[in-house]
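Single-structure report; data block below.
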Amino acid sequence: MINFNERETLKVNEKGHLEIGGADCIELVKKFGTPLYVFDEKHIRDMMSVYRDTIIEEYEGNGLVLYASKAFSCTAMYAIAHEEGIGIDVVSGGELYTALKAGFPADKIYMHGNNKLPYELSEALDAGISCIVVDAYSEADRIEEEAKRRGIVQNVLIRINPGVEAHTHAYVQTATPDSKFGFSVASGAAEEITKYVLSKGHLNLRGYHCHIGSQIFEKESFVLAVKKNMNFIAEMKKKLGFICEELNMGGGFGIWYTDEDARIPVSGYRAYLHALIETVKGECAAHGLKRPFILLEPGRSIIGEAGITLYTVGAVKEIPGLRKYVAVDGGMFDNPRFALYESKYTALLANRASEAPVELVSLAGKCCESGDLLGVNMNLPKAEIGDIVAVLSTGAYNFSMASNYNRNLIPPAVLVKGGKAEYIVRPQTYEDLIRNDVMPDYLK
């Protein structure tokens, strides 16, 4: 059984129904249908504020939280981030466009990506975003060319690879020696790109960016990454006379998916920032360095536990001696993470949320794929057709990775505030599916 007293966004009401943000999930299903992404606005704001306030209180406000758009991007999220006084990072022209359409200030936008396309860089420069993180020599050349054409100097960071191997899934480790991201410190590549960028007349190198991976619980991983970064920064000051003004330590703070994970309350994330900030202070003192402006990019930890996905049970199929399949009206088209990473989730029956689980089942999707599963060995009460399944902690990377595979409709998303819910992403229609289809004349 889930201990809902420790879950700040979920509870079971007197009807035995699951609630999120004060809204009865069964009432949400009646109003909006399934599959349905549901987000608790209070949890989102609480997470943003704990990061923001920790920087203010422990680092004299000399830093900025950047919400990592890739976790979940829509205009409402950017509006909330703006109201909470934080920045954002974007990794595509589409994310940038969405943020700008939401009225998000360009001077609080950072752009990432290992292969930013020419038109994306042009859009970023035209918008006047704060900073672009350089991840290739050709990219530095392109930004230089475009900035010169516009008669501006563009702020940039360089993504470096400090060689810290975080304890996380291999697919989400990004600072190991073999990575498509960044320039290796150990090989000397980071020093060479630093020299190269400093030689450009229309690039203003502000400092460095580092991201060691995702779903990390060990504070020591972040502490080690800070130390390696600060050693490199001290070396660049000594060798090149370069003063690092900004240090972006990325994100990667872990969240609860199952009881194999630590369960961290909102306030508990202060400990990660405290360890990181104290290490920066200590390393600056040891090396005689100016304290840099610190940037952090939490995405999953802001939105992950704020979201759930609701499904309706359809077919139930038991294969004696092997397994029992409980099929729902969603699947890998709204959450491909199990198919990609074998990511584990916790599920329950939202209409019978107080009932104890009695069997292990495989939660199956409706796609025409044997691998279309949302989880295996998931502990549930005996599910029946029409029951409502809630899969927890689906706020991050679910909607973002959704597709129209099998021409299924991507589910809508609603935001709950004080028990009331409104769409933040409307439902797709069949007409949306064929909107860009074109019939050649010879087939008409």
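Residues in the structure tokens are numbered from 1 in each chain, the chains being A, B, ... in the order shown, and ligands are numbered from 1 in the order shown.
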Handout entry: Which of segment 334-381 of chain A fall in helix (DSSP H, G or I), as an MDAnalysis selection string
Key = chainID A and resid 337:341 350:352
Identify, on the basis of only C-alpha atoms, every residue whose closest approach to Lys42 of chain A does not exceed 9 Å; exclude the query and any residue fewer than 5 positions from it along the same chain; express the result as a PDB file with C-alpha atoms, in the first residue's frame.
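Saved result, out.pdb, follows:
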ATOM      1  CA  THR A   9      -0.104  15.879  -4.041  1.00  0.00           C
ATOM      2  CA  GLY A  21      -4.616  18.462  -5.908  1.00  0.00           C
ATOM      3  CA  MET A  47       9.083  22.660  -6.403  1.00  0.00           C
ATOM      4  CA  ALA A 306       3.111  16.534  -9.980  1.00  0.00           C
ATOM      5  CA  VAL A 416      -5.655  21.057 -11.141  1.00  0.00           C
ATOM      6  CA  LYS A 417      -5.716  23.996  -8.747  1.00  0.00           C
ATOM      7  CA  GLY A 418      -7.676  23.915  -5.509  1.00  0.00           C
TER       8      GLY A 418
END
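Take atom CA of Lys420 of chain A and atom CA of His82 of chain A: the distance between them is 21.7 Å.
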Problem - Residues within 12 Å of Ala271 of chain A, only C-alpha atoms, excluding chain neighbours under 4 positions, as a list of chain:residue names - result: A:Val50, A:Tyr51, A:Thr54, A:Ile55, A:Glu58, A:Phe217, A:Glu218, A:Lys219, A:Glu220, A:Phe222, A:Val223, A:Phe253, A:Ile264, A:Pro265, A:Val266, A:Ser267, A:Ala275, A:Leu276, A:Ile277, A:Glu278
Counting only C-alpha atoms, which residues of segment 276-364 of chain A fall within 10 Å of segment 87-111 of chain A, and what is the closest atom pair for each with its distance in Å at one decimal, ordered by chain and rising number, as a tab-separated table?
residue	atom	partner	partner_atom	distance
A:Leu295	CA	A:Gly87	CA	9.4
A:Leu296	CA	A:Gly87	CA	9.6
A:Glu297	CA	A:Asp89	CA	7.3
A:Pro298	CA	A:Ile88	CA	9.6
A:Gly299	CA	A:Asp89	CA	9.5
Problem - strand (DSSP E) per DSSP on the backbone: members of segment 8-249 of chain A, as an MDAnalysis selection string - result: chainID A and resid 10:12 18:20 23:24 36:40 63:68 87:90 109:111 131:134 154:161 183:184 203:209 246:248
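For the set A:Met48, A:Ala71, A:Ile255, A:Val226, the residue with the smallest atom-to-atom gap to Phe399 of chain A is A:Ala71, counting only C-alpha atoms.
Shell of Ala396 of chain A at 9 Å, with only C-alpha atoms counted and residues fewer than 6 places along the chain excluded, is A:Lys70, A:Ala71, A:Phe72, A:Gly299, A:Arg300, A:Ser301, A:Ile302, A:Ile303, A:Gly304, A:Glu305, A:Ala306, A:Gly307.
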Completion exercise
Using only C-alpha atoms, the residue out of A:Val425, A:Met249, A:Lys444, A:Val197 with shortest distance to Thr75 of chain A is A:Val425
Handout entry: Within 10 Å of Leu380 of chain A using only C-alpha atoms, minus same-chain residues under 3 positions, as a ChimeraX atom specification
Key = /A:1,326,346-349,353,355-363,377,383,389
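Within 12 Å of Ser138 of chain A, once only C-alpha atoms are used and residues closer than 2 positions along the same chain are dropped, the contacting residues are Asn114, Asn115, Lys116, Leu117, Pro118, Leu121, Val134, Asp135, Ala136, Ala140, Asp141, Arg142, Ile143, Glu144, Glu145, Ile193, Tyr196 and Val197 of chain A.
Summary of the local environment: counting only C-alpha atoms, residues at most 10 Å from segment 279-282 of chain A, other than itself and those fewer than 3 positions away along its chain, are Tyr59, Phe222, Val223, Leu224, Ala225, Val226, Lys227, Asn229, Met230, Leu247, Leu273, His274, Ala275, Leu276, Ala285, Ala286, His287, Gly288, Leu289, Lys290, Arg291, Pro292 and Ile294 of chain A.
Proximity to Gly151 of chain A was assessed for A:Glu283, A:His202, A:Ala315, A:Asn13 counting only C-alpha atoms; the smallest distance is recorded for A:His202.
Using only C-alpha atoms, the nearest neighbour of Arg159 of chain A within the list A:Tyr397, A:Tyr430, A:Tyr137, A:Tyr208 is A:Tyr208.
Of the listed residues A:Ser221, A:Ser49, A:Asn398, A:Asn204, the one whose atoms come nearest to Pro162 of chain A is A:Ser221, with distances taken using only C-alpha atoms.
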Practice task
Work out how far apart atom CA of Val328 of chain A and atom CA of Leu36 of chain A are and give it in Å to one decimal.
Solution key: 11.9 Å
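The shortest atom-to-atom distance to Leu340 of chain A, with only C-alpha atoms taken into account, belongs to A:Asp372 out of A:Lys11, A:Tyr311, A:Asp372, A:Ile2.
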